[in-house]
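Participant: Dropping a structure here in structure tokens format, bear with me for questions.
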Amino acid sequence: MRPIEQPAVLVVHDQPHLRGALRTSLEASGFGVYETSSACDGLNVIREGDIDMALLDFNALAVDGLDLCREIRALGPRIGIIVVTCCDSEMDIVQALEAGADDYVIRPFRMRELTARCRAVLRRALDDSVKKEYCIKAGDLELDLHCRVLRKAGKVVRLTPTEYNLLAFMMKNQGVPLTHIKLLRAVWGPEYGAELEYLRTYVRSLRRKIEHDPAQPKYLLTEPCLGYRFSCFLNSRPAPSDIDHL
């Protein structure tokens, strides 16, 4: 397995100058970059090469981006997939995630945000350590999966069983945008999916217990009209000037 510091990213985009801009930025951040102008060529690279991640611009593909996501996921269950899109509707985002995408970035975006999300997806795709370890750490939080105990800055935080199950699921999927339905079914059971108030109530309760300022959460972030995300970018806020209008 290639070290996480040297991952191979496939960029699929039909415009050479934009592929070049992405290549320059990604390589400067330590990624190895392959690039293709078409979905067909991209799938061939994935079949023949050792690709860790695919970066797909849905708006620059001559094929259905959702179908491409499904094909990549079938070829490589552990390949990370990030979708770049101009569309920010709930339906578009949910469809991309359900088709196999790990994350999405909406134009225009900051390159430092994109590379941070790439690293987060790659950690989940290439590293099984979360499954093997008994402890997950994020900021000043430490979740002991063996003892089912949460500590904040070294002090035990008392959680109800449902609060624990919800937080554990989100921390195991750090950085992943999780839909309301996925969270409800993962924590409450497969028969759930429409009980959004359950979810909102428990998220509010968790924010009161783990956030320094529940009104301005840093860990449990809301994905508007979609769901929630446990933030793993606590120390990687991009500088205001670091904007790339790709």
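Starting from 1 in every chain, residues are counted up; chains themselves are A, B, ... following the order of the structure tokens, and ligands are numbered from 1 as listed.
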Please list as a count of residues only every residue within 12 Å of region 185-199 of chain A, counting only C-alpha atoms and excluding residues in the same chain fewer than 6 positions away.
Facilitator: 20
Participant: With 12 Å as the cut-off and only C-alpha atoms counted, what is the closest atom pair between each nearby residue of region 162-221 of chain A and region 68-90 of chain A? Distances in Å to one decimal, ordered by chain and number, as JSON lines.
Facilitator:
```
{"residue": "A:Gly175", "atom": "CA", "partner": "A:Ile82", "partner_atom": "CA", "distance": 11.9}
{"residue": "A:Val176", "atom": "CA", "partner": "A:Ile82", "partner_atom": "CA", "distance": 10.6}
{"residue": "A:Pro177", "atom": "CA", "partner": "A:Ile82", "partner_atom": "CA", "distance": 11.4}
{"residue": "A:Thr179", "atom": "CA", "partner": "A:Glu90", "partner_atom": "CA", "distance": 9.8}
{"residue": "A:His180", "atom": "CA", "partner": "A:Glu90", "partner_atom": "CA", "distance": 11.3}
```
Participant: Using only C-alpha atoms, can you tell me which of A:Leu143, A:Ala116, A:Ile106, A:Val149 comes closest to Phe31 (chain A)?
Facilitator: A:Ala116
Participant: Please run DSSP on the backbone and report, as a CSV table (one decimal) with N, CA and C atoms, in the first residue's frame, all residues within region 139-200 of chain A that come out as alpha helix (DSSP H).
Facilitator:
```csv
chain,number,residue,atom,x,y,z
A,161,PRO,N,-27.1,6.3,26.1
A,161,PRO,CA,-26.8,5.3,25.1
A,161,PRO,C,-27.0,5.8,23.7
A,162,THR,N,-28.1,6.5,23.4
A,162,THR,CA,-28.4,7.0,22.1
A,162,THR,C,-27.4,8.1,21.7
A,163,GLU,N,-27.1,9.0,22.6
A,163,GLU,CA,-26.1,10.0,22.4
A,163,GLU,C,-24.8,9.4,22.0
A,164,TYR,N,-24.4,8.4,22.8
A,164,TYR,CA,-23.1,7.7,22.5
A,164,TYR,C,-23.1,7.1,21.1
A,165,ASN,N,-24.2,6.4,20.8
A,165,ASN,CA,-24.2,5.7,19.5
A,165,ASN,C,-24.2,6.7,18.3
A,166,LEU,N,-24.8,7.8,18.5
A,166,LEU,CA,-24.8,8.8,17.4
A,166,LEU,C,-23.5,9.5,17.3
A,167,LEU,N,-22.8,9.8,18.4
A,167,LEU,CA,-21.5,10.5,18.3
A,167,LEU,C,-20.5,9.5,17.8
A,168,ALA,N,-20.6,8.2,18.2
A,168,ALA,CA,-19.6,7.2,17.8
A,168,ALA,C,-19.7,7.0,16.3
A,169,PHE,N,-20.9,6.9,15.7
A,169,PHE,CA,-21.1,6.8,14.3
A,169,PHE,C,-20.5,7.9,13.5
A,170,MET,N,-20.7,9.2,14.0
A,170,MET,CA,-20.2,10.3,13.3
A,170,MET,C,-18.7,10.5,13.4
A,171,MET,N,-18.1,10.1,14.6
A,171,MET,CA,-16.7,10.2,14.7
A,171,MET,C,-16.0,9.2,13.9
A,172,LYS,N,-16.6,8.0,13.7
A,172,LYS,CA,-16.0,7.0,12.9
A,172,LYS,C,-16.0,7.4,11.4
A,180,HIS,N,-29.6,12.8,6.8
A,180,HIS,CA,-30.5,12.5,7.9
A,180,HIS,C,-30.9,11.0,7.9
A,181,ILE,N,-31.2,10.5,6.7
A,181,ILE,CA,-31.7,9.1,6.7
A,181,ILE,C,-30.6,8.2,7.1
A,182,LYS,N,-29.4,8.4,6.6
A,182,LYS,CA,-28.3,7.5,7.0
A,182,LYS,C,-28.1,7.5,8.5
A,183,LEU,N,-28.1,8.7,9.1
A,183,LEU,CA,-27.9,8.7,10.5
A,183,LEU,C,-29.0,8.1,11.3
A,184,LEU,N,-30.3,8.3,10.9
A,184,LEU,CA,-31.4,7.7,11.6
A,184,LEU,C,-31.4,6.2,11.5
A,185,ARG,N,-31.1,5.7,10.3
A,185,ARG,CA,-31.1,4.2,10.1
A,185,ARG,C,-29.9,3.6,10.8
A,186,ALA,N,-28.7,4.3,10.9
A,186,ALA,CA,-27.6,3.7,11.5
A,186,ALA,C,-27.7,3.7,13.0
A,187,VAL,N,-28.4,4.7,13.6
A,187,VAL,CA,-28.4,4.8,15.1
A,187,VAL,C,-29.8,4.2,15.6
A,196,LEU,N,-36.9,13.3,11.7
A,196,LEU,CA,-35.9,14.3,11.8
A,196,LEU,C,-35.8,15.0,13.1
A,197,GLU,N,-36.9,15.1,13.8
A,197,GLU,CA,-36.9,15.8,15.1
A,197,GLU,C,-36.1,15.0,16.2
A,198,TYR,N,-36.1,13.6,16.0
A,198,TYR,CA,-35.3,12.8,16.9
A,198,TYR,C,-33.8,13.2,16.7
A,199,LEU,N,-33.4,13.3,15.5
A,199,LEU,CA,-32.0,13.6,15.2
A,199,LEU,C,-31.6,15.0,15.7
A,200,ARG,N,-32.5,16.0,15.4
A,200,ARG,CA,-32.2,17.3,15.8
A,200,ARG,C,-32.1,17.5,17.3
```
Participant: Show which residues sit within 12 Å of Ser38 (chain A), as a list in words. Count only C-alpha atoms, and ignore same-chain residues fewer than 2 positions away.
Facilitator: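 Surrounding residues, per the criterion: Leu10, Val11, Val12, His13, Asp14, Gln15, Pro16, Arg19, Glu35, Thr36, Cys40, Asp41, Gly42, Leu43, Asn44, Val45, Leu56, Asp57, Phe58, Ala60, Leu61, Ala62, Val63, Asp64, Gly65 and Leu68 of chain A.
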Participant: With C-alpha atoms retained, export the selected residues as a CSV table (one decimal), in the first residue's frame.
Facilitator:
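Below is the file that was written, again.csv:
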```
chain,number,residue,atom,x,y,z
A,10,LEU,CA,-7.1,10.9,-10.6
A,11,VAL,CA,-8.5,14.2,-11.9
A,12,VAL,CA,-11.3,13.8,-14.5
A,13,HIS,CA,-12.1,17.1,-16.3
A,14,ASP,CA,-12.6,18.0,-20.0
A,15,GLN,CA,-10.7,21.3,-19.8
A,16,PRO,CA,-6.9,21.1,-19.9
A,19,ARG,CA,-6.9,20.0,-14.9
A,35,GLU,CA,-5.4,13.3,-15.3
A,36,THR,CA,-7.9,12.4,-18.1
A,40,CYS,CA,-13.9,6.3,-20.3
A,41,ASP,CA,-10.2,7.2,-20.0
A,42,GLY,CA,-10.6,7.7,-16.3
A,43,LEU,CA,-12.1,4.2,-15.9
A,44,ASN,CA,-9.2,2.7,-17.9
A,45,VAL,CA,-6.7,4.4,-15.6
A,56,LEU,CA,-14.7,14.2,-10.6
A,57,ASP,CA,-16.2,17.4,-11.9
A,58,PHE,CA,-19.8,16.5,-12.6
A,60,ALA,CA,-17.5,18.9,-17.0
A,61,LEU,CA,-18.4,15.3,-17.9
A,62,ALA,CA,-20.1,14.1,-21.1
A,63,VAL,CA,-21.6,11.2,-19.2
A,64,ASP,CA,-23.9,10.8,-16.2
A,65,GLY,CA,-21.7,11.6,-13.2
A,68,LEU,CA,-19.5,7.1,-13.3
```
Participant: For the strand (DSSP E or B) assignment from backbone DSSP, which residues of region 11-215 of chain A qualify? Please present them as JSON, numbers by chain.
Facilitator: {"A": [11, 12, 32, 33, 34, 35, 36, 53, 54, 55, 56, 57, 80, 81, 82, 83, 84, 85, 103, 104, 105, 106, 109, 135, 136, 137, 138, 141, 142, 143, 144, 149, 150, 151, 152, 155, 156, 157, 178, 179]}
Participant: Pick out the residues sitting within 12 Å of Ile210 (chain A), and hand them over as a PyMOL selection string; count only C-alpha atoms, and ignore anything fewer than 2 positions along from it in its own chain.
Facilitator: chain A and resi 138-143+150-153+155-159+163-164+167+203-208+212-220+230
